[in-house]
>>> print(open('upload-v3.txt').read())   # compact mmCIF, C-alpha atoms
# COMPACT_ATOMS: atom_id res chain seq x y z
CA MET A 1 -46.29 -56.54 -3.80
CA ARG A 2 -42.82 -55.27 -2.90
CA ILE A 3 -39.92 -57.68 -3.36
CA LEU A 4 -36.29 -57.65 -2.30
CA GLY A 5 -34.09 -59.32 -4.94
CA ILE A 6 -30.62 -60.79 -4.34
CA GLU A 7 -28.19 -61.92 -7.07
CA THR A 8 -24.95 -63.79 -6.22
CA SER A 9 -24.56 -66.38 -8.99
CA CYS A 10 -21.00 -65.48 -10.02
CA ASP A 11 -18.86 -62.36 -9.64
CA GLU A 12 -21.40 -59.58 -9.10
CA THR A 13 -23.29 -58.92 -5.88
CA GLY A 14 -26.62 -57.32 -6.74
CA VAL A 15 -29.60 -56.25 -4.64
CA ALA A 16 -32.79 -54.42 -5.58
CA VAL A 17 -36.31 -53.59 -4.45
CA TYR A 18 -39.12 -53.96 -6.98
CA ASP A 19 -42.77 -53.00 -6.48
CA SER A 20 -45.41 -54.63 -8.68
CA GLU A 21 -47.27 -51.31 -9.02
CA LEU A 22 -44.52 -48.69 -8.76
CA GLY A 23 -41.75 -50.56 -10.58
CA LEU A 24 -38.07 -50.58 -9.62
CA LEU A 25 -37.54 -48.57 -6.44
CA GLY A 26 -33.78 -48.98 -6.09
CA HIS A 27 -30.83 -51.23 -6.80
CA ALA A 28 -27.16 -51.53 -5.88
CA LEU A 29 -24.34 -53.56 -7.41
CA HIS A 30 -20.78 -54.52 -6.50
CA SER A 31 -18.54 -55.98 -9.20
CA GLN A 32 -15.61 -58.27 -8.39
CA VAL A 33 -13.87 -57.67 -11.73
CA ALA A 34 -10.87 -55.88 -10.21
CA MET A 35 -10.30 -58.71 -7.73
CA HIS A 36 -10.45 -61.50 -10.31
CA ALA A 37 -8.46 -59.63 -12.96
CA GLU A 38 -5.23 -60.60 -11.21
CA TYR A 39 -6.03 -64.26 -11.88
CA GLY A 40 -7.38 -63.86 -15.41
CA GLY A 41 -10.80 -65.24 -14.49
CA VAL A 42 -13.25 -65.89 -11.67
CA VAL A 43 -11.88 -67.74 -8.62
CA PRO A 44 -14.98 -69.37 -7.05
CA GLU A 45 -13.79 -69.33 -3.44
CA LEU A 46 -12.80 -65.67 -3.62
CA ALA A 47 -16.14 -64.86 -5.24
CA SER A 48 -18.08 -66.51 -2.41
CA ARG A 49 -16.08 -64.75 0.30
CA ASP A 50 -16.56 -61.37 -1.38
CA HIS A 51 -20.33 -61.89 -1.59
CA VAL A 52 -20.33 -62.48 2.18
CA ARG A 53 -18.45 -59.23 2.75
CA LYS A 54 -20.47 -57.04 0.40
CA ILE A 55 -24.08 -58.13 0.47
CA LEU A 56 -25.19 -56.62 3.80
CA PRO A 57 -23.52 -53.23 3.15
CA LEU A 58 -25.24 -53.19 -0.25
CA LEU A 59 -28.61 -53.88 1.37
CA GLN A 60 -28.01 -50.92 3.67
CA GLU A 61 -27.61 -48.70 0.58
CA LEU A 62 -31.21 -49.41 -0.42
CA ASP A 63 -33.87 -47.14 1.04
CA PHE A 64 -36.42 -49.58 2.45
CA SER A 65 -37.77 -50.77 5.76
CA ALA A 66 -38.19 -54.42 6.64
CA ASP A 67 -41.92 -54.03 7.26
CA SER A 68 -42.41 -52.74 3.68
CA ILE A 69 -41.11 -55.97 2.09
CA ASP A 70 -43.69 -58.57 1.03
CA GLY A 71 -41.28 -61.23 -0.22
CA VAL A 72 -37.66 -62.09 -0.99
CA ALA A 73 -36.27 -63.45 -4.26
CA TYR A 74 -32.77 -64.84 -4.65
CA THR A 75 -30.86 -66.54 -7.43
CA ALA A 76 -31.05 -70.30 -6.85
CA GLY A 77 -29.11 -71.34 -9.97
CA PRO A 78 -27.43 -71.95 -12.24
CA GLY A 79 -24.08 -70.58 -11.10
CA LEU A 80 -21.15 -71.14 -8.76
CA ILE A 81 -22.50 -73.26 -5.92
CA GLY A 82 -20.69 -71.40 -3.14
CA ALA A 83 -21.72 -68.00 -4.46
CA LEU A 84 -25.34 -69.14 -4.84
CA LEU A 85 -25.39 -70.40 -1.25
CA VAL A 86 -24.42 -66.97 0.07
CA GLY A 87 -27.36 -65.21 -1.55
CA ALA A 88 -29.80 -68.03 -0.87
CA SER A 89 -28.84 -68.25 2.81
CA ILE A 90 -29.19 -64.52 3.40
CA GLY A 91 -32.37 -64.29 1.35
CA ARG A 92 -33.98 -67.23 3.09
CA ALA A 93 -32.93 -65.96 6.55
CA LEU A 94 -34.30 -62.46 5.90
CA ALA A 95 -37.60 -63.87 4.64
CA TRP A 96 -37.93 -66.07 7.75
CA SER A 97 -37.09 -63.23 10.13
CA TRP A 98 -39.53 -60.85 8.42
CA GLY A 99 -42.28 -63.46 8.14
CA VAL A 100 -42.62 -63.18 4.35
CA PRO A 101 -42.39 -65.78 1.56
CA ALA A 102 -39.19 -66.43 -0.40
CA VAL A 103 -38.62 -67.80 -3.88
CA GLY A 104 -35.54 -69.06 -5.71
CA VAL A 105 -35.16 -67.59 -9.21
CA HIS A 106 -33.53 -69.14 -12.27
CA HIS A 107 -30.66 -66.84 -13.24
CA MET A 108 -31.42 -66.99 -16.98
CA GLU A 109 -35.11 -66.31 -16.41
CA GLY A 110 -33.95 -63.14 -14.69
CA HIS A 111 -31.96 -62.15 -17.76
CA LEU A 112 -34.82 -63.06 -20.10
CA LEU A 113 -37.26 -60.84 -18.19
CA ALA A 114 -34.84 -57.93 -17.65
CA PRO A 115 -36.37 -55.89 -20.53
CA MET A 116 -39.63 -55.93 -18.54
CA LEU A 117 -38.01 -53.44 -16.15
CA GLU A 118 -38.32 -50.73 -18.80
CA GLU A 119 -41.36 -48.52 -19.39
CA GLU A 120 -41.80 -49.97 -22.88
CA ARG A 121 -42.02 -53.73 -22.60
CA PRO A 122 -42.24 -56.52 -25.16
CA GLU A 123 -45.51 -58.40 -25.32
CA PHE A 124 -45.71 -62.20 -25.39
CA PRO A 125 -44.99 -64.21 -27.47
CA PHE A 126 -41.46 -63.44 -28.65
CA VAL A 127 -38.14 -65.12 -29.37
CA ALA A 128 -35.37 -64.50 -26.82
CA LEU A 129 -31.64 -64.71 -27.44
CA LEU A 130 -29.87 -65.23 -24.13
CA VAL A 131 -26.20 -64.63 -24.70
CA SER A 132 -23.75 -64.41 -21.82
CA GLY A 133 -20.50 -65.80 -20.47
CA GLY A 134 -22.13 -69.07 -19.47
CA HIS A 135 -25.09 -69.45 -21.83
CA THR A 136 -26.10 -69.00 -25.45
CA GLN A 137 -29.72 -70.01 -25.99
CA LEU A 138 -32.64 -69.26 -28.28
CA VAL A 139 -35.98 -69.55 -26.49
CA ARG A 140 -39.60 -69.17 -27.57
CA VAL A 141 -41.38 -67.24 -24.81
CA ASP A 142 -45.18 -67.49 -24.61
CA GLY A 143 -45.47 -66.18 -21.05
CA ILE A 144 -43.65 -66.22 -17.75
CA GLY A 145 -42.49 -69.78 -17.25
CA ARG A 146 -43.82 -70.79 -20.68
CA TYR A 147 -40.53 -71.35 -22.44
CA SER A 148 -39.57 -73.63 -25.30
CA LEU A 149 -35.85 -74.10 -25.86
CA LEU A 150 -35.18 -73.73 -29.58
CA GLY A 151 -31.40 -74.06 -29.59
CA GLU A 152 -28.31 -73.66 -27.42
CA SER A 153 -24.55 -73.85 -27.53
CA LEU A 154 -23.18 -77.39 -27.63
CA ASP A 155 -19.85 -76.29 -26.13
CA ASP A 156 -18.56 -72.80 -25.28
CA ALA A 157 -21.08 -70.01 -24.84
CA ALA A 158 -20.51 -66.90 -26.95
CA GLY A 159 -19.31 -64.86 -23.99
CA GLU A 160 -16.99 -67.65 -22.88
CA ALA A 161 -15.51 -67.81 -26.39
CA PHE A 162 -14.98 -64.04 -26.31
CA ASP A 163 -13.12 -64.28 -23.00
CA LYS A 164 -10.95 -67.22 -24.06
CA THR A 165 -10.01 -65.62 -27.37
CA ALA A 166 -9.22 -62.35 -25.60
CA LYS A 167 -6.86 -64.27 -23.32
CA LEU A 168 -5.10 -65.76 -26.37
CA LEU A 169 -4.59 -62.23 -27.65
CA GLY A 170 -3.08 -61.10 -24.37
CA LEU A 171 -6.01 -58.90 -23.37
CA GLY A 172 -7.10 -58.27 -19.80
CA TYR A 173 -10.05 -59.62 -17.83
CA PRO A 174 -12.93 -59.40 -18.53
CA GLY A 175 -11.96 -60.25 -22.07
CA GLY A 176 -15.21 -59.70 -23.98
CA PRO A 177 -15.34 -55.88 -23.78
CA ALA A 178 -11.57 -55.66 -24.37
CA LEU A 179 -11.79 -57.80 -27.50
CA ALA A 180 -14.74 -55.78 -28.83
CA GLN A 181 -12.78 -52.57 -28.33
CA LEU A 182 -9.72 -54.00 -30.11
CA ALA A 183 -11.92 -55.27 -32.96
CA GLU A 184 -12.89 -51.69 -33.79
CA GLN A 185 -9.29 -51.14 -34.95
CA GLY A 186 -9.16 -54.32 -37.06
CA ASP A 187 -9.33 -54.80 -40.82
CA PRO A 188 -12.56 -56.70 -41.64
CA GLU A 189 -11.12 -57.97 -44.92
CA ARG A 190 -7.86 -59.50 -43.71
CA PHE A 191 -9.08 -62.76 -42.12
CA CYS A 192 -12.27 -64.74 -42.62
CA PHE A 193 -13.25 -67.07 -39.78
CA PRO A 194 -15.87 -69.85 -40.18
CA ARG A 195 -19.51 -69.35 -39.16
CA PRO A 196 -20.00 -72.62 -37.23
CA MET A 197 -23.14 -74.72 -37.69
CA THR A 198 -24.80 -72.21 -40.01
CA ASN A 199 -24.66 -74.51 -43.05
CA ARG A 200 -26.92 -77.11 -41.44
CA PRO A 201 -30.52 -77.00 -40.20
CA GLY A 202 -31.31 -76.29 -36.58
CA LEU A 203 -30.75 -73.54 -34.06
CA ASP A 204 -27.87 -74.90 -31.97
CA PHE A 205 -24.54 -73.10 -31.66
CA SER A 206 -20.88 -74.09 -31.37
CA PHE A 207 -18.15 -71.55 -30.64
CA SER A 208 -15.21 -73.57 -29.30
CA GLY A 209 -13.77 -74.11 -32.79
CA LEU A 210 -13.49 -70.36 -33.33
CA LYS A 211 -11.08 -70.12 -30.40
CA THR A 212 -8.85 -72.78 -32.02
CA PHE A 213 -9.09 -71.03 -35.39
CA ALA A 214 -8.02 -67.76 -33.72
CA LEU A 215 -5.05 -69.49 -32.06
CA ASN A 216 -3.86 -71.07 -35.32
CA THR A 217 -4.21 -67.75 -37.13
CA LEU A 218 -2.23 -65.97 -34.42
CA LEU A 219 0.58 -68.55 -34.55
CA GLU A 220 0.78 -68.29 -38.31
CA HIS A 221 0.84 -64.48 -38.45
CA LYS A 222 2.19 -63.53 -35.01
CA ASP A 223 5.06 -61.39 -36.32
CA GLU A 224 2.92 -59.37 -38.73
CA PRO A 225 1.76 -55.83 -37.84
CA GLY A 226 -1.83 -55.33 -36.65
CA VAL A 227 -2.52 -59.06 -36.43
CA ARG A 228 -4.15 -58.97 -32.97
CA ALA A 229 -6.70 -56.33 -33.94
CA ASP A 230 -7.45 -58.08 -37.23
CA ILE A 231 -7.98 -61.42 -35.47
CA ALA A 232 -10.25 -59.73 -32.92
CA ARG A 233 -12.31 -58.23 -35.75
CA ALA A 234 -12.55 -61.53 -37.65
CA PHE A 235 -13.52 -63.40 -34.49
CA GLN A 236 -16.19 -60.90 -33.47
CA ASP A 237 -17.63 -60.79 -36.98
CA ALA A 238 -17.87 -64.59 -37.04
CA VAL A 239 -19.68 -64.76 -33.69
CA ILE A 240 -22.08 -61.95 -34.58
CA ASP A 241 -22.82 -63.37 -38.04
CA THR A 242 -23.58 -66.75 -36.45
CA LEU A 243 -25.95 -65.20 -33.90
CA ILE A 244 -27.64 -63.15 -36.62
CA ILE A 245 -28.18 -66.17 -38.89
CA LYS A 246 -29.67 -68.21 -36.05
CA CYS A 247 -31.94 -65.39 -34.84
CA ARG A 248 -33.24 -64.79 -38.33
CA ARG A 249 -33.90 -68.53 -38.67
CA ALA A 250 -35.66 -68.69 -35.27
CA LEU A 251 -38.02 -65.84 -36.15
CA ARG A 252 -38.80 -67.44 -39.50
CA GLU A 253 -39.43 -70.92 -38.05
CA THR A 254 -41.62 -69.68 -35.18
CA GLY A 255 -43.47 -67.10 -37.25
CA LEU A 256 -42.86 -64.50 -34.53
CA GLN A 257 -41.79 -60.92 -35.15
CA HIS A 258 -40.28 -59.65 -31.92
CA LEU A 259 -36.86 -60.50 -30.49
CA VAL A 260 -35.60 -60.00 -26.94
CA VAL A 261 -31.84 -60.03 -26.42
CA ALA A 262 -30.40 -60.27 -22.91
CA GLY A 263 -27.22 -61.28 -21.10
CA GLY A 264 -23.80 -59.67 -20.90
CA VAL A 265 -22.95 -60.05 -24.60
CA SER A 266 -26.15 -58.17 -25.51
CA ALA A 267 -24.27 -54.98 -24.59
CA ASN A 268 -21.97 -55.47 -27.61
CA ARG A 269 -22.60 -52.48 -29.90
CA ALA A 270 -21.85 -54.30 -33.15
CA LEU A 271 -24.32 -57.06 -32.25
CA ARG A 272 -27.06 -54.56 -31.39
CA CYS A 273 -26.64 -52.75 -34.68
CA ARG A 274 -26.98 -55.95 -36.71
CA LEU A 275 -29.90 -57.40 -34.74
CA GLY A 276 -31.98 -54.29 -35.37
CA VAL A 277 -31.88 -55.12 -39.07
CA VAL A 278 -33.07 -58.69 -38.37
CA ALA A 279 -36.10 -57.45 -36.41
CA ASP A 280 -36.94 -54.93 -39.13
CA GLU A 281 -36.90 -57.71 -41.72
CA ALA A 282 -39.42 -59.66 -39.63
CA GLY A 283 -41.65 -56.62 -39.31
CA GLY A 284 -41.07 -56.41 -35.57
CA ARG A 285 -38.71 -54.97 -33.03
CA VAL A 286 -35.72 -55.98 -30.95
CA TRP A 287 -35.83 -55.34 -27.19
CA TYR A 288 -32.90 -55.00 -24.78
CA PRO A 289 -32.50 -54.24 -21.10
CA ARG A 290 -30.69 -50.98 -20.38
CA PRO A 291 -26.88 -51.48 -20.36
CA GLU A 292 -26.60 -51.64 -16.56
CA PHE A 293 -29.06 -54.57 -16.54
CA CYS A 294 -27.35 -56.56 -19.31
CA THR A 295 -24.86 -58.00 -16.83
CA ASP A 296 -25.88 -59.77 -13.62
CA ASN A 297 -27.94 -57.59 -11.28
CA GLY A 298 -30.45 -57.74 -8.46
CA ALA A 299 -33.20 -55.86 -10.32
CA MET A 300 -33.86 -58.70 -12.77
CA ILE A 301 -34.06 -61.19 -9.88
CA ALA A 302 -36.46 -58.95 -7.97
CA TYR A 303 -38.72 -58.64 -11.03
CA ALA A 304 -38.70 -62.35 -11.88
CA GLY A 305 -39.24 -63.26 -8.24
CA CYS A 306 -42.14 -60.82 -7.99
CA GLN A 307 -43.92 -62.53 -10.87
CA ARG A 308 -43.39 -65.94 -9.28
CA LEU A 309 -44.57 -64.81 -5.85
CA LEU A 310 -47.64 -63.10 -7.33
CA ALA A 311 -48.50 -66.49 -8.86
CA GLY A 312 -48.36 -68.09 -5.41
CA GLU A 313 -44.97 -69.77 -5.60
CA GLN A 314 -42.65 -69.90 -2.61
CA GLN A 315 -39.83 -72.03 -1.23
CA SER A 316 -39.76 -74.05 1.97
CA LEU A 317 -37.32 -73.21 4.77
CA ALA A 318 -34.77 -75.53 3.16
CA ILE A 319 -31.94 -73.71 1.37
CA GLU A 320 -31.64 -75.28 -2.07
CA VAL A 321 -29.44 -74.09 -4.94
CA ARG A 322 -28.40 -75.72 -8.22
CA ALA A 323 -25.11 -75.24 -10.03
CA ARG A 324 -26.85 -76.63 -13.14
CA TRP A 325 -30.52 -76.01 -13.81
CA PRO A 326 -31.88 -76.81 -17.27
CA PHE A 327 -34.04 -73.98 -18.54
CA ASP A 328 -36.78 -76.29 -19.77
CA GLU A 329 -37.45 -77.50 -16.20
CA LEU A 330 -39.05 -74.18 -15.26
CA ARG A 331 -42.80 -74.31 -14.69
CA PRO A 332 -45.41 -71.81 -15.93
CA SER A 333 -46.29 -69.17 -13.34
CA ASP A 334 -50.05 -69.56 -13.82
>>> encode(input="upload-v3.txt", output="structure tokens")
Amino acid sequence: MRILGIETSCDETGVAVYDSELGLLGHALHSQVAMHAEYGGVVPELASRDHVRKILPLLQELDFSADSIDGVAYTAGPGLIGALLVGASIGRALAWSWGVPAVGVHHMEGHLLAPMLEEERPEFPFVALLVSGGHTQLVRVDGIGRYSLLGESLDDAAGEAFDKTAKLLGLGYPGGPALAQLAEQGDPERFCFPRPMTNRPGLDFSFSGLKTFALNTLLEHKDEPGVRADIARAFQDAVIDTLIIKCRRALRETGLQHLVVAGGVSANRALRCRLGVVADEAGGRVWYPRPEFCTDNGAMIAYAGCQRLLAGEQQSLAIEVRARWPFDELRPSD
């Protein structure tokens, strides 16, 4: 089965073609970072308009014919409602015109399954850490659609906390990569930030207090040399330590050995280095998507949609998207 995938949940327009036997045949991506940088964050209306402008030219970059496509997958949520409607409308219209089924894909299921695009793939079951600008979740994965939510952020996601703290430090957009780069110059011994919710049982996260702690530290030491880099280092260390503690706890409580890490923050080099140690301790391995598939992309949607369509799922002609879509509402694919 050959599937066209479309991703338009936020500020990246992604398209891809995935074949269930041959694997990924091609993908194309347009990032809106330069456009939103002027405003210091994503402007939803501008994002939607840019998806409209870019998606058809991107599809023309892919080398496929309409009669070779057996189905269309598009991101149906969660995300910015206007941006989601662009991808869903085009995906649903193409499927109708080509006479093939269409399926709406959960954005975070796409991220979770992104490592399956590689030649070496994790086998079920495993624990997944989904860590991005909008989500921080620990999930037990027993199969496609067989997910048990173990813990999630009660306020800011890790990526959101990175971006907000970067803004406090006067860094550009997107803030996460800029803060990580600045942290490399920081003194790890100068400041010690709290590791929130690690001194209590459970696998939930909370990162909003770290942003406030960073602000108070900056106000107190703003005239001292090197303070911005040292705050960036202390903040990043606190977030990574918190994620490490919770991942180690999740593997121990589930009795599983393998860990999948996906989402934009999974590209952070310091986090990857530390998580490898956690997997080694459990006698297993940590799996990541390749860097270009850590952020939003059409390939992960094409793969996830292919699995759903192979299981017989498809959407009606109605165009339905969801700005919020709880992960535990997903159904097994078999």
>>> closest_residue(input="upload-v3.txt", among="A:Asp296, A:Asp50, A:Asp19, A:Asp204", to="Ser68 of chain A", atoms="all atoms listed in the file")
A:Asp19
>>> closest_atom_pairs(input="upload-v3.txt", of="segment 125-215 of chain A", to="segment 257-274 of chain A", cutoff="9 Å", atoms="only C-alpha atoms", output="JSON lines")
{"residue": "A:Pro125", "atom": "CA", "partner": "A:His258", "partner_atom": "CA", "distance": 7.9}
{"residue": "A:Phe126", "atom": "CA", "partner": "A:His258", "partner_atom": "CA", "distance": 5.1}
{"residue": "A:Val127", "atom": "CA", "partner": "A:Leu259", "partner_atom": "CA", "distance": 4.9}
{"residue": "A:Ala128", "atom": "CA", "partner": "A:Val260", "partner_atom": "CA", "distance": 4.5}
{"residue": "A:Leu129", "atom": "CA", "partner": "A:Val261", "partner_atom": "CA", "distance": 4.8}
{"residue": "A:Leu130", "atom": "CA", "partner": "A:Ala262", "partner_atom": "CA", "distance": 5.1}
{"residue": "A:Val131", "atom": "CA", "partner": "A:Gly263", "partner_atom": "CA", "distance": 5.0}
{"residue": "A:Ser132", "atom": "CA", "partner": "A:Gly263", "partner_atom": "CA", "distance": 4.7}
{"residue": "A:Gly133", "atom": "CA", "partner": "A:Gly264", "partner_atom": "CA", "distance": 7.0}
{"residue": "A:His135", "atom": "CA", "partner": "A:Gly263", "partner_atom": "CA", "distance": 8.5}
{"residue": "A:Thr136", "atom": "CA", "partner": "A:Gly263", "partner_atom": "CA", "distance": 8.9}
{"residue": "A:Ala158", "atom": "CA", "partner": "A:Val265", "partner_atom": "CA", "distance": 7.6}
{"residue": "A:Gly159", "atom": "CA", "partner": "A:Val265", "partner_atom": "CA", "distance": 6.1}
{"residue": "A:Gly176", "atom": "CA", "partner": "A:Val265", "partner_atom": "CA", "distance": 7.8}
{"residue": "A:Pro177", "atom": "CA", "partner": "A:Asn268", "partner_atom": "CA", "distance": 7.7}
{"residue": "A:Ala180", "atom": "CA", "partner": "A:Asn268", "partner_atom": "CA", "distance": 7.3}
>>> write_last_selection(input="upload-v3.txt", atoms="C-alpha atoms", output="PDB file, in the frame of the given file")
ATOM      1  CA  PRO A 125     -44.990 -64.210 -27.470  1.00  0.00           C
ATOM      2  CA  PHE A 126     -41.460 -63.440 -28.650  1.00  0.00           C
ATOM      3  CA  VAL A 127     -38.140 -65.120 -29.370  1.00  0.00           C
ATOM      4  CA  ALA A 128     -35.370 -64.500 -26.820  1.00  0.00           C
ATOM      5  CA  LEU A 129     -31.640 -64.710 -27.440  1.00  0.00           C
ATOM      6  CA  LEU A 130     -29.870 -65.230 -24.130  1.00  0.00           C
ATOM      7  CA  VAL A 131     -26.200 -64.630 -24.700  1.00  0.00           C
ATOM      8  CA  SER A 132     -23.750 -64.410 -21.820  1.00  0.00           C
ATOM      9  CA  GLY A 133     -20.500 -65.800 -20.470  1.00  0.00           C
ATOM     10  CA  HIS A 135     -25.090 -69.450 -21.830  1.00  0.00           C
ATOM     11  CA  THR A 136     -26.100 -69.000 -25.450  1.00  0.00           C
ATOM     12  CA  ALA A 158     -20.510 -66.900 -26.950  1.00  0.00           C
ATOM     13  CA  GLY A 159     -19.310 -64.860 -23.990  1.00  0.00           C
ATOM     14  CA  GLY A 176     -15.210 -59.700 -23.980  1.00  0.00           C
ATOM     15  CA  PRO A 177     -15.340 -55.880 -23.780  1.00  0.00           C
ATOM     16  CA  ALA A 180     -14.740 -55.780 -28.830  1.00  0.00           C
TER      17      ALA A 180
END
>>> closest_residue(input="upload-v3.txt", among="A:Gly87, A:Pro78, A:Pro115, A:Pro188", to="Cys294 of chain A", atoms="only C-alpha atoms")
A:Pro115
>>> atom_distance(input="upload-v3.txt", atom1="atom CA of Met116 of chain A", atom2="atom CA of Lys54 of chain A")
27.0 Å
>>> residues_around(input="upload-v3.txt", residues="Arg249 of chain A", least_positions_apart="5", cutoff="9 Å", atoms="all atoms listed in the file", output="ChimeraX atom specification")
/A:202-203,244,254
>>> residues_around(input="upload-v3.txt", residues="segment 170-172 of chain A", least_positions_apart="4", cutoff="12 Å", atoms="all atoms listed in the file", output="MDAnalysis selection string")
chainID A and resid 33:34 36:41 162:166 176:183 215 218 228:229 232
>>> atom_distance(input="upload-v3.txt", atom1="atom CA of Ala73 of chain A", atom2="atom CA of Gly14 of chain A")
11.7 Å
>>> atom_distance(input="upload-v3.txt", atom1="atom CA of Glu7 of chain A", atom2="atom CA of Ala299 of chain A")
8.5 Å
>>> residues_around(input="upload-v3.txt", residues="Ile301 of chain A", least_positions_apart="4", cutoff="7 Å", atoms="all atoms listed in the file", output="PDB file with C-alpha atoms, keeping the file's coordinate frame")
ATOM      1  CA  GLY A   5     -34.090 -59.320  -4.940  1.00  0.00           C
ATOM      2  CA  ILE A   6     -30.620 -60.790  -4.340  1.00  0.00           C
ATOM      3  CA  GLU A   7     -28.190 -61.920  -7.070  1.00  0.00           C
ATOM      4  CA  ALA A  73     -36.270 -63.450  -4.260  1.00  0.00           C
ATOM      5  CA  TYR A  74     -32.770 -64.840  -4.650  1.00  0.00           C
ATOM      6  CA  THR A  75     -30.860 -66.540  -7.430  1.00  0.00           C
ATOM      7  CA  VAL A 105     -35.160 -67.590  -9.210  1.00  0.00           C
ATOM      8  CA  GLY A 110     -33.950 -63.140 -14.690  1.00  0.00           C
ATOM      9  CA  GLY A 305     -39.240 -63.260  -8.240  1.00  0.00           C
TER      10      GLY A 305
END
>>> axis_aligned_box(input="upload-v3.txt", around="segment 105-109 of chain A", padding_each_side="3 Å", output="AutoDock Vina command-line options")
--center_x -32.9 --center_y -67.7 --center_z -13.1 --size_x 10.5 --size_y 8.8 --size_z 13.8
>>> closest_residue(input="upload-v3.txt", among="A:Leu251, A:Lys211, A:Thr242, A:Glu189", to="Lys167 of chain A", atoms="only C-alpha atoms")
A:Lys211
>>> build_atoms(input="upload-v3.txt", residues="segment 172-183 of chain A", atoms="N, CA, C and O atoms", output="CSV table (one decimal), keeping the file's coordinate frame")
chain,number,residue,atom,x,y,z
A,172,GLY,N,-6.8,-58.1,-21.2
A,172,GLY,CA,-7.1,-58.3,-19.8
A,172,GLY,C,-8.4,-58.9,-19.6
A,172,GLY,O,-9.2,-59.2,-20.5
A,173,TYR,N,-8.8,-59.1,-18.3
A,173,TYR,CA,-10.0,-59.6,-17.8
A,173,TYR,C,-10.9,-58.5,-17.3
A,173,TYR,O,-10.4,-57.6,-16.6
A,174,PRO,N,-12.2,-58.4,-17.7
A,174,PRO,CA,-12.9,-59.4,-18.5
A,174,PRO,C,-12.6,-59.2,-20.0
A,174,PRO,O,-12.5,-58.1,-20.5
A,175,GLY,N,-12.5,-60.3,-20.7
A,175,GLY,CA,-12.0,-60.2,-22.1
A,175,GLY,C,-12.9,-59.8,-23.1
A,175,GLY,O,-12.5,-59.2,-24.1
A,176,GLY,N,-14.2,-60.0,-22.9
A,176,GLY,CA,-15.2,-59.7,-24.0
A,176,GLY,C,-15.2,-58.2,-24.4
A,176,GLY,O,-15.0,-57.9,-25.6
A,177,PRO,N,-15.4,-57.3,-23.4
A,177,PRO,CA,-15.3,-55.9,-23.8
A,177,PRO,C,-14.0,-55.5,-24.4
A,177,PRO,O,-13.9,-54.6,-25.3
A,178,ALA,N,-12.9,-56.0,-23.9
A,178,ALA,CA,-11.6,-55.7,-24.4
A,178,ALA,C,-11.4,-56.1,-25.8
A,178,ALA,O,-10.8,-55.4,-26.6
A,179,LEU,N,-11.9,-57.3,-26.1
A,179,LEU,CA,-11.8,-57.8,-27.5
A,179,LEU,C,-12.7,-57.0,-28.4
A,179,LEU,O,-12.2,-56.6,-29.6
A,180,ALA,N,-13.9,-56.6,-28.0
A,180,ALA,CA,-14.7,-55.8,-28.8
A,180,ALA,C,-14.1,-54.4,-29.1
A,180,ALA,O,-14.2,-53.9,-30.2
A,181,GLN,N,-13.4,-53.9,-28.1
A,181,GLN,CA,-12.8,-52.6,-28.3
A,181,GLN,C,-11.6,-52.7,-29.3
A,181,GLN,O,-11.4,-51.9,-30.2
A,182,LEU,N,-10.8,-53.8,-29.2
A,182,LEU,CA,-9.7,-54.0,-30.1
A,182,LEU,C,-10.2,-54.3,-31.5
A,182,LEU,O,-9.6,-53.8,-32.5
A,183,ALA,N,-11.4,-54.9,-31.6
A,183,ALA,CA,-11.9,-55.3,-33.0
A,183,ALA,C,-12.3,-54.0,-33.8
A,183,ALA,O,-12.2,-54.1,-35.0
